[in-house]
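my_file.cif follows (mmCIF, N, CA and C atoms):
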```
data_model
loop_
_atom_site.label_atom_id
_atom_site.label_comp_id
_atom_site.auth_asym_id
_atom_site.auth_seq_id
_atom_site.Cartn_x
_atom_site.Cartn_y
_atom_site.Cartn_z
N MET A 135 0.82 -1.21 0.00
CA MET A 135 0.00 0.00 0.00
C MET A 135 0.86 1.26 0.00
N SER A 136 2.15 1.13 0.20
CA SER A 136 2.99 2.32 0.36
C SER A 136 3.07 3.17 -0.91
N GLU A 137 2.69 2.60 -2.06
CA GLU A 137 2.75 3.39 -3.28
C GLU A 137 1.59 4.37 -3.40
N PHE A 138 0.55 4.20 -2.57
CA PHE A 138 -0.60 5.10 -2.60
C PHE A 138 -0.35 6.29 -1.70
N LYS A 139 -0.66 7.49 -2.21
CA LYS A 139 -0.54 8.70 -1.41
C LYS A 139 -1.91 9.38 -1.38
N ILE A 140 -2.28 9.91 -0.22
CA ILE A 140 -3.56 10.58 -0.06
C ILE A 140 -3.31 12.06 0.18
N TYR A 141 -4.00 12.88 -0.60
CA TYR A 141 -3.93 14.33 -0.44
C TYR A 141 -5.31 14.84 -0.05
N SER A 142 -5.33 15.84 0.79
CA SER A 142 -6.59 16.50 1.12
C SER A 142 -6.42 17.99 0.88
N GLY A 143 -7.53 18.62 0.53
CA GLY A 143 -7.46 20.05 0.28
C GLY A 143 -8.75 20.59 -0.29
N LEU A 144 -8.67 21.81 -0.75
CA LEU A 144 -9.83 22.50 -1.30
C LEU A 144 -10.11 22.04 -2.72
N TRP A 145 -11.35 22.29 -3.16
CA TRP A 145 -11.76 21.95 -4.52
C TRP A 145 -10.85 22.62 -5.54
N THR A 146 -10.46 23.87 -5.28
CA THR A 146 -9.61 24.59 -6.22
C THR A 146 -8.28 23.87 -6.43
N ASP A 147 -7.81 23.15 -5.41
CA ASP A 147 -6.53 22.45 -5.50
C ASP A 147 -6.66 21.04 -6.09
N LEU A 148 -7.74 20.34 -5.77
CA LEU A 148 -7.88 18.92 -6.13
C LEU A 148 -8.94 18.65 -7.20
N GLN A 149 -9.52 19.70 -7.72
CA GLN A 149 -10.64 19.58 -8.67
C GLN A 149 -10.31 18.72 -9.88
N GLN A 150 -9.17 18.92 -10.49
CA GLN A 150 -8.84 18.19 -11.71
C GLN A 150 -8.84 16.68 -11.48
N ASP A 151 -8.17 16.23 -10.43
CA ASP A 151 -8.10 14.80 -10.15
C ASP A 151 -9.45 14.25 -9.67
N ALA A 152 -10.12 14.98 -8.79
CA ALA A 152 -11.42 14.52 -8.26
C ALA A 152 -12.46 14.44 -9.38
N LYS A 153 -12.47 15.42 -10.25
CA LYS A 153 -13.42 15.41 -11.38
C LYS A 153 -13.19 14.22 -12.29
N TYR A 154 -11.93 13.93 -12.59
CA TYR A 154 -11.60 12.79 -13.45
C TYR A 154 -12.18 11.49 -12.86
N ILE A 155 -11.96 11.26 -11.59
CA ILE A 155 -12.43 10.03 -10.94
C ILE A 155 -13.96 10.00 -10.90
N ARG A 156 -14.58 11.08 -10.49
CA ARG A 156 -16.05 11.11 -10.37
C ARG A 156 -16.73 10.99 -11.73
N GLU A 157 -16.16 11.63 -12.76
CA GLU A 157 -16.73 11.49 -14.10
C GLU A 157 -16.63 10.04 -14.58
N THR A 158 -15.51 9.40 -14.31
CA THR A 158 -15.31 8.01 -14.72
C THR A 158 -16.27 7.07 -13.99
N VAL A 159 -16.33 7.18 -12.66
CA VAL A 159 -17.12 6.25 -11.85
C VAL A 159 -18.61 6.57 -11.90
N PHE A 160 -18.98 7.79 -11.60
CA PHE A 160 -20.41 8.11 -11.46
C PHE A 160 -21.09 8.41 -12.79
N ILE A 161 -20.50 9.25 -13.61
CA ILE A 161 -21.18 9.69 -14.84
C ILE A 161 -21.08 8.63 -15.93
N GLN A 162 -19.88 8.09 -16.17
CA GLN A 162 -19.72 7.10 -17.24
C GLN A 162 -20.17 5.71 -16.80
N GLU A 163 -19.61 5.22 -15.69
CA GLU A 163 -19.88 3.84 -15.27
C GLU A 163 -21.29 3.65 -14.72
N GLN A 164 -21.71 4.55 -13.82
CA GLN A 164 -23.01 4.37 -13.16
C GLN A 164 -24.13 5.17 -13.84
N GLN A 165 -23.81 5.89 -14.89
CA GLN A 165 -24.80 6.61 -15.69
C GLN A 165 -25.57 7.67 -14.89
N ILE A 166 -24.91 8.33 -13.95
CA ILE A 166 -25.53 9.43 -13.20
C ILE A 166 -25.43 10.69 -14.06
N ALA A 167 -26.50 11.43 -14.13
CA ALA A 167 -26.53 12.65 -14.94
C ALA A 167 -25.55 13.68 -14.37
N PRO A 168 -24.81 14.37 -15.23
CA PRO A 168 -23.85 15.38 -14.75
C PRO A 168 -24.50 16.42 -13.83
N GLU A 169 -25.74 16.81 -14.12
CA GLU A 169 -26.39 17.82 -13.27
C GLU A 169 -26.69 17.29 -11.87
N ASP A 170 -26.72 15.96 -11.71
CA ASP A 170 -26.91 15.38 -10.38
C ASP A 170 -25.57 15.18 -9.66
N GLU A 171 -24.50 15.12 -10.41
CA GLU A 171 -23.18 14.87 -9.82
C GLU A 171 -22.56 16.13 -9.25
N TRP A 172 -22.65 17.24 -9.95
CA TRP A 172 -21.95 18.46 -9.54
C TRP A 172 -22.89 19.37 -8.75
N ASP A 173 -22.42 19.86 -7.62
CA ASP A 173 -23.24 20.74 -6.79
C ASP A 173 -22.37 21.79 -6.08
N ALA A 174 -23.02 22.67 -5.38
CA ALA A 174 -22.32 23.76 -4.69
C ALA A 174 -21.49 23.28 -3.50
N GLU A 175 -21.73 22.05 -3.04
CA GLU A 175 -20.98 21.53 -1.88
C GLU A 175 -19.50 21.35 -2.19
N ASP A 176 -19.16 21.12 -3.47
CA ASP A 176 -17.75 20.92 -3.81
C ASP A 176 -16.90 22.11 -3.38
N ALA A 177 -17.40 23.30 -3.60
CA ALA A 177 -16.62 24.51 -3.31
C ALA A 177 -16.34 24.70 -1.82
N ILE A 178 -17.16 24.09 -0.96
CA ILE A 178 -17.02 24.32 0.48
C ILE A 178 -16.67 23.06 1.27
N SER A 179 -16.33 21.98 0.57
CA SER A 179 -15.98 20.72 1.23
C SER A 179 -14.48 20.52 1.25
N LEU A 180 -14.04 19.62 2.15
CA LEU A 180 -12.66 19.17 2.16
C LEU A 180 -12.60 17.93 1.27
N HIS A 181 -11.74 17.96 0.28
CA HIS A 181 -11.64 16.86 -0.69
C HIS A 181 -10.41 16.00 -0.42
N PHE A 182 -10.54 14.73 -0.78
CA PHE A 182 -9.47 13.76 -0.63
C PHE A 182 -9.25 13.09 -1.98
N VAL A 183 -7.99 12.91 -2.37
CA VAL A 183 -7.65 12.21 -3.60
C VAL A 183 -6.52 11.23 -3.27
N VAL A 184 -6.68 9.99 -3.76
CA VAL A 184 -5.64 8.98 -3.62
C VAL A 184 -4.93 8.87 -4.97
N LEU A 185 -3.61 8.90 -4.92
CA LEU A 185 -2.80 8.76 -6.13
C LEU A 185 -1.99 7.46 -6.06
N ASP A 186 -1.88 6.78 -7.20
CA ASP A 186 -0.96 5.66 -7.39
C ASP A 186 0.10 6.21 -8.33
N GLN A 187 1.30 6.43 -7.80
CA GLN A 187 2.32 7.20 -8.49
C GLN A 187 1.73 8.60 -8.73
N HIS A 188 1.49 8.97 -9.98
CA HIS A 188 0.88 10.28 -10.24
C HIS A 188 -0.53 10.15 -10.78
N GLN A 189 -1.07 8.94 -10.78
CA GLN A 189 -2.39 8.66 -11.34
C GLN A 189 -3.47 8.77 -10.25
N PRO A 190 -4.47 9.65 -10.42
CA PRO A 190 -5.57 9.71 -9.45
C PRO A 190 -6.43 8.45 -9.58
N ILE A 191 -6.70 7.79 -8.43
CA ILE A 191 -7.42 6.52 -8.47
C ILE A 191 -8.65 6.49 -7.56
N ALA A 192 -8.76 7.42 -6.62
CA ALA A 192 -9.91 7.44 -5.71
C ALA A 192 -10.11 8.84 -5.16
N THR A 193 -11.35 9.12 -4.76
CA THR A 193 -11.65 10.43 -4.21
C THR A 193 -12.85 10.34 -3.27
N ALA A 194 -13.01 11.36 -2.45
CA ALA A 194 -14.17 11.52 -1.58
C ALA A 194 -14.15 12.96 -1.08
N ARG A 195 -15.25 13.36 -0.46
CA ARG A 195 -15.29 14.70 0.13
C ARG A 195 -15.94 14.62 1.51
N LEU A 196 -15.55 15.56 2.37
CA LEU A 196 -16.08 15.67 3.72
C LEU A 196 -16.74 17.04 3.84
N LEU A 197 -18.05 17.02 4.06
CA LEU A 197 -18.82 18.26 4.14
C LEU A 197 -18.83 18.81 5.55
N LYS A 198 -19.19 20.07 5.66
CA LYS A 198 -19.23 20.73 6.96
C LYS A 198 -20.27 20.12 7.89
N ASN A 199 -21.30 19.46 7.33
CA ASN A 199 -22.36 18.85 8.15
C ASN A 199 -22.02 17.42 8.56
N ASN A 200 -20.74 17.03 8.49
CA ASN A 200 -20.23 15.71 8.88
C ASN A 200 -20.56 14.61 7.88
N SER A 201 -21.01 14.97 6.71
CA SER A 201 -21.36 13.99 5.70
C SER A 201 -20.15 13.67 4.81
N VAL A 202 -19.93 12.38 4.59
CA VAL A 202 -18.91 11.92 3.65
C VAL A 202 -19.64 11.64 2.35
N GLY A 203 -19.12 12.15 1.26
CA GLY A 203 -19.82 11.94 0.00
C GLY A 203 -18.89 11.75 -1.17
N ARG A 204 -19.51 11.33 -2.28
CA ARG A 204 -18.82 11.17 -3.56
C ARG A 204 -17.59 10.28 -3.42
N VAL A 205 -17.74 9.20 -2.62
CA VAL A 205 -16.65 8.24 -2.46
C VAL A 205 -16.58 7.39 -3.73
N ALA A 206 -15.45 7.43 -4.41
CA ALA A 206 -15.31 6.73 -5.69
C ALA A 206 -13.90 6.19 -5.85
N VAL A 207 -13.82 4.94 -6.29
CA VAL A 207 -12.54 4.28 -6.59
C VAL A 207 -12.63 3.76 -8.02
N LEU A 208 -11.62 4.04 -8.82
CA LEU A 208 -11.61 3.53 -10.19
C LEU A 208 -11.71 2.01 -10.19
N LYS A 209 -12.44 1.46 -11.16
CA LYS A 209 -12.77 0.05 -11.20
C LYS A 209 -11.55 -0.86 -11.04
N GLU A 210 -10.46 -0.54 -11.72
CA GLU A 210 -9.29 -1.42 -11.68
C GLU A 210 -8.58 -1.43 -10.33
N TYR A 211 -8.96 -0.52 -9.43
CA TYR A 211 -8.34 -0.46 -8.11
C TYR A 211 -9.27 -0.97 -6.99
N ARG A 212 -10.49 -1.34 -7.34
CA ARG A 212 -11.42 -1.84 -6.32
C ARG A 212 -10.96 -3.20 -5.81
N GLY A 213 -11.23 -3.44 -4.53
CA GLY A 213 -10.84 -4.71 -3.92
C GLY A 213 -9.38 -4.78 -3.52
N LYS A 214 -8.67 -3.66 -3.58
CA LYS A 214 -7.25 -3.62 -3.24
C LYS A 214 -6.98 -2.81 -1.98
N GLY A 215 -8.03 -2.46 -1.25
CA GLY A 215 -7.85 -1.73 0.00
C GLY A 215 -7.77 -0.22 -0.14
N VAL A 216 -7.94 0.29 -1.36
CA VAL A 216 -7.82 1.74 -1.58
C VAL A 216 -8.96 2.48 -0.88
N GLY A 217 -10.18 1.97 -1.01
CA GLY A 217 -11.32 2.61 -0.36
C GLY A 217 -11.18 2.64 1.15
N ARG A 218 -10.66 1.55 1.71
CA ARG A 218 -10.45 1.47 3.16
C ARG A 218 -9.43 2.52 3.62
N VAL A 219 -8.31 2.61 2.92
CA VAL A 219 -7.28 3.59 3.27
C VAL A 219 -7.86 5.01 3.18
N LEU A 220 -8.62 5.26 2.13
CA LEU A 220 -9.25 6.58 1.95
C LEU A 220 -10.21 6.88 3.10
N MET A 221 -11.09 5.94 3.41
CA MET A 221 -12.07 6.18 4.49
C MET A 221 -11.40 6.32 5.85
N LEU A 222 -10.35 5.54 6.11
CA LEU A 222 -9.64 5.67 7.39
C LEU A 222 -9.00 7.06 7.51
N GLU A 223 -8.52 7.61 6.40
CA GLU A 223 -7.96 8.96 6.41
C GLU A 223 -9.05 9.99 6.74
N ILE A 224 -10.23 9.81 6.15
CA ILE A 224 -11.35 10.73 6.42
C ILE A 224 -11.79 10.62 7.88
N ILE A 225 -11.88 9.40 8.39
CA ILE A 225 -12.25 9.20 9.80
C ILE A 225 -11.23 9.86 10.71
N GLN A 226 -9.94 9.70 10.40
CA GLN A 226 -8.88 10.33 11.19
C GLN A 226 -9.01 11.85 11.16
N GLN A 227 -9.30 12.41 9.99
CA GLN A 227 -9.49 13.85 9.85
C GLN A 227 -10.65 14.33 10.70
N ALA A 228 -11.75 13.60 10.66
CA ALA A 228 -12.95 13.97 11.44
C ALA A 228 -12.65 13.94 12.94
N LYS A 229 -11.92 12.93 13.37
CA LYS A 229 -11.54 12.85 14.79
C LYS A 229 -10.63 14.02 15.16
N HIS A 230 -9.68 14.33 14.27
CA HIS A 230 -8.76 15.45 14.50
C HIS A 230 -9.54 16.77 14.65
N GLU A 231 -10.60 16.91 13.86
CA GLU A 231 -11.44 18.11 13.93
C GLU A 231 -12.46 18.04 15.07
N GLN A 232 -12.41 16.97 15.85
CA GLN A 232 -13.29 16.75 16.99
C GLN A 232 -14.77 16.74 16.60
N ARG A 233 -15.06 16.15 15.46
CA ARG A 233 -16.45 15.96 15.05
C ARG A 233 -17.03 14.83 15.88
N GLU A 234 -18.34 14.89 16.14
CA GLU A 234 -18.98 13.88 16.99
C GLU A 234 -19.38 12.64 16.21
N PHE A 235 -19.56 12.76 14.90
CA PHE A 235 -20.00 11.63 14.08
C PHE A 235 -19.70 11.91 12.62
N LEU A 236 -19.81 10.86 11.82
CA LEU A 236 -19.80 10.98 10.37
C LEU A 236 -21.06 10.29 9.86
N LYS A 237 -21.59 10.79 8.75
CA LYS A 237 -22.75 10.16 8.12
C LYS A 237 -22.49 10.07 6.63
N LEU A 238 -23.18 9.14 5.99
CA LEU A 238 -23.06 9.01 4.54
C LEU A 238 -24.27 8.30 3.98
N SER A 239 -24.45 8.47 2.70
CA SER A 239 -25.49 7.78 1.95
C SER A 239 -24.78 6.72 1.13
N ALA A 240 -24.91 5.45 1.56
CA ALA A 240 -24.15 4.36 0.95
C ALA A 240 -24.97 3.64 -0.12
N GLN A 241 -24.33 3.34 -1.23
CA GLN A 241 -24.96 2.45 -2.18
C GLN A 241 -25.08 1.08 -1.49
N VAL A 242 -26.22 0.43 -1.68
CA VAL A 242 -26.53 -0.79 -0.94
C VAL A 242 -25.42 -1.85 -1.08
N HIS A 243 -24.83 -1.96 -2.25
CA HIS A 243 -23.77 -2.97 -2.44
C HIS A 243 -22.55 -2.71 -1.56
N ALA A 244 -22.41 -1.49 -1.02
CA ALA A 244 -21.24 -1.13 -0.21
C ALA A 244 -21.51 -1.15 1.29
N ILE A 245 -22.70 -1.60 1.71
CA ILE A 245 -23.04 -1.60 3.14
C ILE A 245 -22.00 -2.35 3.96
N ALA A 246 -21.64 -3.57 3.56
CA ALA A 246 -20.68 -4.38 4.34
C ALA A 246 -19.33 -3.66 4.45
N PHE A 247 -18.90 -2.99 3.39
CA PHE A 247 -17.65 -2.24 3.44
C PHE A 247 -17.71 -1.17 4.53
N TYR A 248 -18.77 -0.37 4.54
CA TYR A 248 -18.87 0.69 5.54
C TYR A 248 -19.09 0.13 6.95
N GLU A 249 -19.83 -0.98 7.05
CA GLU A 249 -20.00 -1.62 8.37
C GLU A 249 -18.65 -2.07 8.92
N SER A 250 -17.75 -2.53 8.04
CA SER A 250 -16.43 -2.98 8.49
C SER A 250 -15.60 -1.82 9.06
N LEU A 251 -16.00 -0.60 8.75
CA LEU A 251 -15.33 0.60 9.28
C LEU A 251 -16.05 1.15 10.52
N GLY A 252 -17.15 0.50 10.92
CA GLY A 252 -17.87 0.92 12.11
C GLY A 252 -19.16 1.68 11.86
N PHE A 253 -19.50 1.94 10.61
CA PHE A 253 -20.75 2.63 10.29
C PHE A 253 -21.93 1.69 10.52
N LYS A 254 -23.06 2.26 10.92
CA LYS A 254 -24.30 1.50 11.15
C LYS A 254 -25.40 2.06 10.26
N VAL A 255 -26.21 1.15 9.71
CA VAL A 255 -27.34 1.54 8.86
C VAL A 255 -28.36 2.29 9.71
N GLN A 256 -28.90 3.38 9.15
CA GLN A 256 -29.93 4.19 9.80
C GLN A 256 -31.11 4.30 8.84
N GLY A 257 -32.22 3.68 9.14
CA GLY A 257 -33.41 3.85 8.31
C GLY A 257 -33.49 2.86 7.17
N ASP A 258 -34.42 3.15 6.27
CA ASP A 258 -34.76 2.24 5.18
C ASP A 258 -34.02 2.58 3.90
N GLU A 259 -34.00 1.63 3.00
CA GLU A 259 -33.41 1.79 1.68
C GLU A 259 -34.23 2.78 0.85
N TYR A 260 -33.57 3.55 0.02
CA TYR A 260 -34.23 4.50 -0.87
C TYR A 260 -33.43 4.62 -2.17
N LEU A 261 -34.03 5.19 -3.17
CA LEU A 261 -33.35 5.40 -4.45
C LEU A 261 -32.77 6.81 -4.52
N ASP A 262 -31.53 6.90 -4.96
CA ASP A 262 -30.88 8.17 -5.24
C ASP A 262 -30.27 8.03 -6.63
N CYS A 263 -30.72 8.85 -7.56
CA CYS A 263 -30.29 8.75 -8.97
C CYS A 263 -30.53 7.34 -9.53
N GLY A 264 -31.61 6.71 -9.06
CA GLY A 264 -31.97 5.38 -9.54
C GLY A 264 -31.17 4.24 -8.94
N ILE A 265 -30.31 4.54 -7.98
CA ILE A 265 -29.45 3.53 -7.35
C ILE A 265 -29.89 3.35 -5.89
N PRO A 266 -30.11 2.09 -5.43
CA PRO A 266 -30.50 1.87 -4.03
C PRO A 266 -29.41 2.33 -3.06
N HIS A 267 -29.83 3.10 -2.05
CA HIS A 267 -28.94 3.63 -1.02
C HIS A 267 -29.55 3.41 0.37
N VAL A 268 -28.71 3.51 1.40
CA VAL A 268 -29.14 3.60 2.79
C VAL A 268 -28.29 4.66 3.48
N ASP A 269 -28.87 5.30 4.48
CA ASP A 269 -28.10 6.23 5.30
C ASP A 269 -27.33 5.43 6.33
N MET A 270 -26.10 5.85 6.60
CA MET A 270 -25.26 5.19 7.60
C MET A 270 -24.59 6.25 8.46
N ARG A 271 -24.24 5.86 9.68
CA ARG A 271 -23.65 6.80 10.63
C ARG A 271 -22.56 6.11 11.44
N LEU A 272 -21.51 6.86 11.73
CA LEU A 272 -20.42 6.40 12.59
C LEU A 272 -20.30 7.41 13.74
N LEU A 273 -20.53 6.93 14.95
CA LEU A 273 -20.43 7.78 16.13
C LEU A 273 -19.04 7.66 16.73
N PHE A 274 -18.50 8.77 17.16
CA PHE A 274 -17.21 8.77 17.86
C PHE A 274 -17.49 8.87 19.36
N ALA A 275 -17.03 7.88 20.12
CA ALA A 275 -17.32 7.86 21.56
C ALA A 275 -16.30 8.69 22.32
#
```

Using the file provided, produce a representation of the structure as structure tokens.
Amino acid sequence: MSEFKIYSGLWTDLQQDAKYIRETVFIQEQQIAPEDEWDAEDAISLHFVVLDQHQPIATARLLKNNSVGRVAVLKEYRGKGVGRVLMLEIIQQAKHEQREFLKLSAQVHAIAFYESLGFKVQGDEYLDCGIPHVDMRLLFA
């Protein structure tokens, strides 16, 4: 895993890499409409990008309301622990900022992944952009 580097910063700094990953995963692969993918939260969120050498391979954002969103890993890197490393970095950041919890809207197929990080399902399944999701929360004791 030592070849992977994680950077965090503002949208203005990480936009190029984050956009590439999100366009590949959400817009092309999952067929999410561009108008549903891009929103005003990008400008005010803390963004994370994982690089393999100089290649962007994963991204996510942490919103001011404790929500983790737009978690995406390029297909060829899934199942290699990249998502886990990314989420652990976000959890560490949230703890450093003394946040009380994190929340996210998980695609149903990823529930077990987030549960392995300590997140718990909250409420019922719903559709977001035609994809089944559930709300999940991680409390910091």

Item to check | Picked residues, the PyMOL selection byres ((chain A and resi 203) around 8), as a count of residues only | outcome: 14

Item to check | Of the listed residues A:Gln241, A:His181, A:Gly257, A:Ser250, that which approaches Gln149 of chain A most closely, counting all atoms listed in the file | outcome: A:His181

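Atom pair atom CA of Pro266 of chain A / atom C of Ile178 of chain A has a distance of 25.9 Å (rounded to one decimal).
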
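Considering only C-alpha atoms, the residue among A:Leu251, A:Leu180, A:Ile140, A:Cys263 positioned nearest to Gln164 of chain A is A:Cys263.
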
Next on the checklist: Let's see if you can do this: from backbone DSSP, list all strand (DSSP E or B) residues in chain A, as a ChimeraX atom specification.
Outcome noted: /A:138-143,180-186,189-196,201-207,235-241,254-262,265-273
